[in-house]
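Visitor: So that we are looking at the same thing, I have put the structure below in structure tokens.
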Amino acid sequence: MDMQAVRSVLLDEARELLAELEHSLLAVEAQGADVDLINAIFRAAHTLKGSSGMFNLHLVVDFTHLMESLLVRVRAGQQVVDAELISLFLKCGDYLSQLFDEVAAGRDDYDPAPEQRATLIDALQGYLGDALVASAQPQQQSESGLHWRVVMRPQPQVFMHGLDPLPFVSYLAGKAELLSLEVLQDQLPTLDEMDAESCYLGFVLELRGALSREEIESALEFIAEDCDIQIEQLDAVSAAAAELLAEAEPEVAQAQENLRQRAQEQVFIKVDARKLDQLIDSVGELVTRSARSRSLAENAPREAVKTFMEEVDSFVEQIRDRALSLRMAPINEVFQRFPRVVRDVAGDLGKQVSLKVTGADTELDKSMIDRLADPLMHIVRNALDHGIEPVEQRLAAGKPATGTLALTAYHESGCVVLEITDDGRGLDAQKIHAKAVQRGLINADTVLDDQACYRLIFEAGFSTAEKVTDLSGRGVGMDVVRRSIEALRGHIEINSTLGLGTTFRIRLPLTLSIIDGFQVIVGDAHFVIPLDQVVECLELGEQHGNNQIMSLRGSPLSFVRLAELFNIPSHPEARECLVVVQYGSHRTGLVVDRFAGELQAVIKPLNPLLRGVRGLGGSTILGDGSVAMILDINALLDADRRSEASARQA
């Protein structure tokens with residue numbers, strides 16, 4: 001493995017550490033200065049510094065060293081952790097995130113925000129005062145300081161572990177004045193005996209500068225397992241200097257996790273090892289069945305072959321499910337962003353808001369999680385800005401001064417449901433109706449129920465904000481939310497009670513790649529309905545004629561004929577069948593010619609010519625090579641609800 005691969009893992013780990021840093025800081029603010037949380041913050045800063053040092057990321061190392069020095073005082077009880085200090089560390093984390101963005105782009109030595117860096121350094125130095133050991137500005141060579149001799153003898157296998165000693169030598173040379181550098185060649189073999197993948201050279205550095213032993217050890221921490229290191233101080237240290245160094249010397253509760261071992265795992269894939277073991281077991285079983293199939297094909301009776309194929313189908317389904325599970329990730333990857341958002345936005349608005357998260361371990365396709373962050377951010381910001389009232393208004397309404405925002409995730413009927421709930425002022429249907437009339441979206445005499453009014457907020461350019469803020473009120477956002485959710489084959493609905501609060505409920509499929517489906521036929525066309533949305537199947541009967549409403553066990557049920565919807569000629573002799581489908585709390589019936597049974601459908605994108613056709617969500621290839629259209633039940637139900645609303649308006 002080359003150093004570029006390890007560098008990629010460094011960036012991944014840096015993101016995780018910054019997220020851990022932020023999470024722990026917010027936990028300290030909410031729960032108090034717990035020892036474990038303080039240690040977690042310190043470890044994150046220390047590991048960021050040590051890992052970055054391997055790649056000579058001076059801007060990161062020097063800055064995190066200053067953070068680490070202040071955290072030493074916090075751990076020792078010499079510095080109180082208050083809201084101001086937490087805010088400072090959070091801003092430091094934001095700045096470090098910008099630095100790693102530049103590193104990811106290959107600009108290791110570029111500072112994207114020098115003024116912000118200077119401001120943060122001044123603030124950190126203000127806390128440290130006389131305890132400051134080294135500036136967070138890039139190190140300058142100095143003739144003063146301590147005199148160190150560092151001997152590095154890399155072991156022969158160091159290259160095979162993806163490590164190169166030279167960056168470590170270069171990093172140390174840049175941290176202080178390099179007095180001398182000697183290359184040790186006493187272990188160099190003859191040319192005939194030399195192994196091109198082995199390391200035979202050693203190095204001796206003499207340095208002078210404001211370096212402590214712990215700083216040198218930290219700089220060499222990553223290569224320490226593959227290198228014999230000796231560190232010797234060549235001059236005496238005054239008692240005062242020793243005391244100062246001891247005060248700032250970091251006491252690491254847990255050594256940095258072995259980055260080299262993690263690199264081997266993460267370069268290719270990062271999954272729960274148990275899931276991978278299960279998949280390998282299933283593949284092994286399938287290989288065994290494949291070998292048996294050759295003998296069965298030659299002399300086995302038809303019934304034995306049929307039974308065997310059922311076994312193979314079962315293993316294929318098992319492999320499919322386990323392979324898909326490798327793509328699943330907890331929704332917490334998105335949820336963990338919001339404690340900071342709620343803290344900062346509520347603070348800017350002068351509101352008190354408590355965030356409650358439930359079901360953060362609910363799993364969803366990773367590709368969907370990555371695309372959920374922006375729409376959820378829009379909803380959360382709107383809830384903080386428009387939903388939850390200022391303290392004085394809440395108290396006047398008899399509510400607690402602190403508002404509550406809840407993020408909830410759970411599985412339901414083969415879908416993942418996300419809910420964003422606030423206990424704020426709720427949506428005013430009459431106000432929304434009036435604003436829609438003002439903007440020309442509906443007529444003044446249009447009668448809409450509350451749910452229909454709520455859906456108007458998803459129209460482009462719609463806003464009820466009385467004043468424009470940095471967060472909302474510009475007429476953009478909620479239409480983008482709806483389009484983003486629908487692009488994931490999802491659906492968003494709103495429940496609200498005026499004066500009590502609002503819930504945005506988002507329903508999403510578990511994955512965008514493979515589904516269990518129910519195949520139906522209309523004329524010569526084949527359609528697939530997501531199986532988890534099929535409620536029941538029955539014959540329609542001739543008595544319903546062309547009516548669009550039927551009675552199903554005493555309850556009215558609207559239905560639509562797919563032949564009419566897609567302009568497909570039906571077979572005259574076909575007996576109409578009804579498939580009852582449901583999405584969320586809404587149901588409708590689909591009239592087809594006949595049922596063709598269950599299948600597993602690999603979802604393919606629609607031909608560009610068909611993407612505008614209402615009710616189609618994709619396509620799939622059937623076993624005989626023909627193409628079937630996958631129905632978008634959400635779109636059909638939404639159109640059905642709109643037609644009902646239009647009928648009421650008329």
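Each chain in the structure tokens gets a letter, A, B, ..., in the order shown, and its residues are numbered from 1; ligands are numbered from 1 in order too.
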List as number ranges by chain the protein and nucleic acid residues near range 29-35 of chain A, meaning an atom at most 12 Å away when only C-alpha atoms are counted, but skip any in the same chain fewer than 4 places from it.

Guide: A: 22-25, 39-42, 71, 74-77, 79-87, 89-90, 253, 339-340, 343, 353-355

Visitor: Go ahead and save the picked residues with C-alpha atoms, as a PDB file, in the first residue's frame.

Guide:
ATOM      1  CA  GLU A  22     -18.061  18.410  18.143  1.00  0.00           C
ATOM      2  CA  HIS A  23     -20.301  15.737  19.648  1.00  0.00           C
ATOM      3  CA  SER A  24     -18.283  15.619  22.886  1.00  0.00           C
ATOM      4  CA  LEU A  25     -18.199  19.418  23.194  1.00  0.00           C
ATOM      5  CA  ASN A  39     -10.713  12.965  27.675  1.00  0.00           C
ATOM      6  CA  ALA A  40     -12.531  12.248  24.406  1.00  0.00           C
ATOM      7  CA  ILE A  41     -12.066  15.879  23.319  1.00  0.00           C
ATOM      8  CA  PHE A  42      -8.384  15.750  24.234  1.00  0.00           C
ATOM      9  CA  LEU A  71      -7.048  21.053  26.896  1.00  0.00           C
ATOM     10  CA  VAL A  74      -8.840  21.772  31.269  1.00  0.00           C
ATOM     11  CA  ARG A  75      -8.032  18.154  32.188  1.00  0.00           C
ATOM     12  CA  ALA A  76      -5.916  19.304  35.118  1.00  0.00           C
ATOM     13  CA  GLY A  77      -8.784  21.417  36.443  1.00  0.00           C
ATOM     14  CA  GLN A  79      -9.362  25.968  33.322  1.00  0.00           C
ATOM     15  CA  VAL A  80     -13.136  26.022  33.781  1.00  0.00           C
ATOM     16  CA  VAL A  81     -15.184  24.834  30.809  1.00  0.00           C
ATOM     17  CA  ASP A  82     -17.913  27.377  30.139  1.00  0.00           C
ATOM     18  CA  ALA A  83     -20.125  28.213  27.162  1.00  0.00           C
ATOM     19  CA  GLU A  84     -17.566  30.694  25.831  1.00  0.00           C
ATOM     20  CA  LEU A  85     -14.761  28.123  25.819  1.00  0.00           C
ATOM     21  CA  ILE A  86     -16.993  25.495  24.201  1.00  0.00           C
ATOM     22  CA  SER A  87     -17.917  27.975  21.466  1.00  0.00           C
ATOM     23  CA  PHE A  89     -13.387  24.968  20.533  1.00  0.00           C
ATOM     24  CA  LEU A  90     -16.356  24.477  18.176  1.00  0.00           C
ATOM     25  CA  ALA A 253      -5.406   8.327  28.004  1.00  0.00           C
ATOM     26  CA  PRO A 339     -27.050  19.135  17.661  1.00  0.00           C
ATOM     27  CA  ARG A 340     -24.552  21.760  16.509  1.00  0.00           C
ATOM     28  CA  ARG A 343     -27.294  25.047  19.231  1.00  0.00           C
ATOM     29  CA  VAL A 353     -34.355  24.742  22.141  1.00  0.00           C
ATOM     30  CA  SER A 354     -33.792  21.167  23.315  1.00  0.00           C
ATOM     31  CA  LEU A 355     -33.046  18.520  20.682  1.00  0.00           C
TER      32      LEU A 355
END

Visitor: Excluding Leu395 in chain A and its own-chain neighbours fewer than 6 positions away, which residues fall within 12 Å of it when counting only C-alpha atoms? Please give them as a PyMOL selection string.

Guide: chain A and resi 352+389+401-403+424

Visitor: I'd like the interatomic distance between CA of Asp524 in chain A and CA of Val579 in chain A, to a tenth of an Å.

Guide: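 These two atoms are separated by 17.9 Å.
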
Visitor: Please return as a PyMOL selection string: the residues of range 417-555 of chain A that backbone DSSP assigns to strand (DSSP E).

Guide: chain A and resi 417-422+491-497+501-509+514-522+525-530+534-539+549-552+555

Visitor: Show which residues sit within 7 Å of Arg322 in chain A, as a tab-separated table (two decimals) with N, CA, C and O atoms, in the first residue's frame. Count only C-alpha atoms, and ignore same-chain residues fewer than 3 positions away.

Guide:
chain	number	residue	atom	x	y	z
A	275	LYS	N	-21.21	-8.69	8.80
A	275	LYS	CA	-22.00	-8.70	7.57
A	275	LYS	C	-21.21	-9.31	6.42
A	275	LYS	O	-21.76	-10.06	5.60
A	279	LEU	N	-22.09	-12.76	4.20
A	279	LEU	CA	-22.14	-12.77	2.74
A	279	LEU	C	-21.22	-13.84	2.18
A	279	LEU	O	-21.59	-14.57	1.25
A	318	GLN	N	-30.88	-14.64	-0.39
A	318	GLN	CA	-30.09	-14.40	0.82
A	318	GLN	C	-28.85	-13.56	0.51
A	318	GLN	O	-28.51	-12.62	1.25
A	319	ILE	N	-28.17	-13.89	-0.59
A	319	ILE	CA	-27.00	-13.12	-0.99
A	319	ILE	C	-27.38	-11.70	-1.34
A	319	ILE	O	-26.69	-10.74	-0.98
A	325	SER	N	-27.15	-5.24	2.55
A	325	SER	CA	-26.89	-4.78	3.92
A	325	SER	C	-25.53	-4.11	4.04
A	325	SER	O	-25.31	-3.31	4.95
A	326	LEU	N	-24.60	-4.45	3.12
A	326	LEU	CA	-23.29	-3.81	3.16
A	326	LEU	C	-23.40	-2.32	2.83
A	326	LEU	O	-22.53	-1.54	3.20

Visitor: Out of range 1-123 of chain A, which residues get alpha helix (DSSP H) from DSSP, as a ChimeraX atom specification?

Guide: /A:3-31,35-53,58-75,83-104,114-123

Visitor: Take the residues that were just selected and, keeping C-alpha atoms, output them as a compact mmCIF listing (two decimals), in the first residue's frame.

Guide:
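Result went into part_3.txt, see below:
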# COMPACT_ATOMS: atom_id res chain seq x y z
CA MET A 3 1.33 6.53 1.23
CA GLN A 4 -1.48 8.03 -0.85
CA ALA A 5 -3.77 5.26 0.37
CA VAL A 6 -2.80 5.94 3.98
CA ARG A 7 -3.32 9.65 3.35
CA SER A 8 -6.86 8.93 2.18
CA VAL A 9 -7.54 7.12 5.43
CA LEU A 10 -6.06 10.04 7.37
CA LEU A 11 -8.66 12.33 5.81
CA ASP A 12 -11.48 9.89 6.63
CA GLU A 13 -10.27 9.60 10.20
CA ALA A 14 -9.92 13.38 10.49
CA ARG A 15 -13.60 13.80 9.58
CA GLU A 16 -14.58 11.22 12.19
CA LEU A 17 -12.42 12.86 14.84
CA LEU A 18 -13.82 16.31 14.10
CA ALA A 19 -17.35 14.90 14.40
CA GLU A 20 -16.38 13.26 17.70
CA LEU A 21 -14.85 16.52 18.90
CA GLU A 22 -18.06 18.41 18.14
CA HIS A 23 -20.30 15.74 19.65
CA SER A 24 -18.28 15.62 22.89
CA LEU A 25 -18.20 19.42 23.19
CA LEU A 26 -21.98 19.63 22.83
CA ALA A 27 -22.37 16.82 25.37
CA VAL A 28 -20.20 18.74 27.85
CA GLU A 29 -22.38 21.80 27.34
CA ALA A 30 -25.52 19.76 28.00
CA GLN A 31 -24.26 17.42 30.75
CA VAL A 35 -14.10 13.41 32.78
CA ASP A 36 -14.72 10.90 29.98
CA LEU A 37 -16.03 13.61 27.66
CA ILE A 38 -13.06 15.88 28.36
CA ASN A 39 -10.71 12.96 27.67
CA ALA A 40 -12.53 12.25 24.41
CA ILE A 41 -12.07 15.88 23.32
CA PHE A 42 -8.38 15.75 24.23
CA ARG A 43 -7.84 12.45 22.41
CA ALA A 44 -9.49 13.82 19.27
CA ALA A 45 -7.22 16.90 19.21
CA HIS A 46 -4.13 14.84 20.08
CA THR A 47 -4.79 12.23 17.39
CA LEU A 48 -5.45 14.90 14.77
CA LYS A 49 -2.09 16.44 15.59
CA GLY A 50 -0.17 13.17 15.61
CA SER A 51 -1.67 11.80 12.38
CA SER A 52 -1.25 15.09 10.55
CA GLY A 53 2.38 15.30 11.58
CA HIS A 58 2.14 22.12 9.65
CA LEU A 59 -0.97 24.30 9.60
CA VAL A 60 -2.97 21.53 11.26
CA VAL A 61 -0.26 20.38 13.66
CA ASP A 62 0.65 23.82 14.97
CA PHE A 63 -2.98 24.79 15.47
CA THR A 64 -4.01 21.56 17.19
CA HIS A 65 -0.93 21.78 19.42
CA LEU A 66 -2.29 25.03 20.80
CA MET A 67 -5.73 23.47 21.32
CA GLU A 68 -4.07 20.50 23.02
CA SER A 69 -2.11 22.75 25.38
CA LEU A 70 -5.33 24.42 26.52
CA LEU A 71 -7.05 21.05 26.90
CA VAL A 72 -4.19 19.95 29.19
CA ARG A 73 -5.18 22.77 31.53
CA VAL A 74 -8.84 21.77 31.27
CA ARG A 75 -8.03 18.15 32.19
CA ALA A 83 -20.12 28.21 27.16
CA GLU A 84 -17.57 30.69 25.83
CA LEU A 85 -14.76 28.12 25.82
CA ILE A 86 -16.99 25.49 24.20
CA SER A 87 -17.92 27.98 21.47
CA LEU A 88 -14.22 28.66 20.89
CA PHE A 89 -13.39 24.97 20.53
CA LEU A 90 -16.36 24.48 18.18
CA LYS A 91 -15.07 27.31 15.99
CA CYS A 92 -11.62 25.72 16.08
CA GLY A 93 -13.17 22.50 14.80
CA ASP A 94 -14.85 24.39 11.96
CA TYR A 95 -11.54 25.95 10.99
CA LEU A 96 -9.77 22.56 11.06
CA SER A 97 -12.49 21.19 8.79
CA GLN A 98 -11.62 23.91 6.27
CA LEU A 99 -7.94 22.98 6.50
CA PHE A 100 -8.71 19.32 5.78
CA ASP A 101 -10.84 20.38 2.81
CA GLU A 102 -7.72 22.02 1.41
CA VAL A 103 -5.62 18.95 2.21
CA ALA A 104 -8.14 16.77 0.36
CA PRO A 114 -5.87 33.38 7.76
CA GLU A 115 -7.88 36.07 9.55
CA GLN A 116 -10.04 33.46 11.24
CA ARG A 117 -6.91 31.52 12.22
CA ALA A 118 -5.35 34.63 13.76
CA THR A 119 -8.54 35.39 15.71
CA LEU A 120 -8.77 31.85 17.06
CA ILE A 121 -5.08 31.77 17.98
CA ASP A 122 -5.44 35.03 19.88
CA ALA A 123 -8.40 33.61 21.77

Visitor: Quick one, how far is CA of Val169 in chain A from CA of Tyr110 in chain A?

Guide: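 Separating CA of Val169 in chain A from CA of Tyr110 in chain A is a distance of 21.9 Å.
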
Visitor: Counting only C-alpha atoms, which residue out of A:Leu220, A:Leu599, A:Leu181, A:Ile514 sits closest to Leu205 in chain A?

Guide: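 Looking only at the distances to Leu205 in chain A, the closest residue turns out to be A:Leu181.
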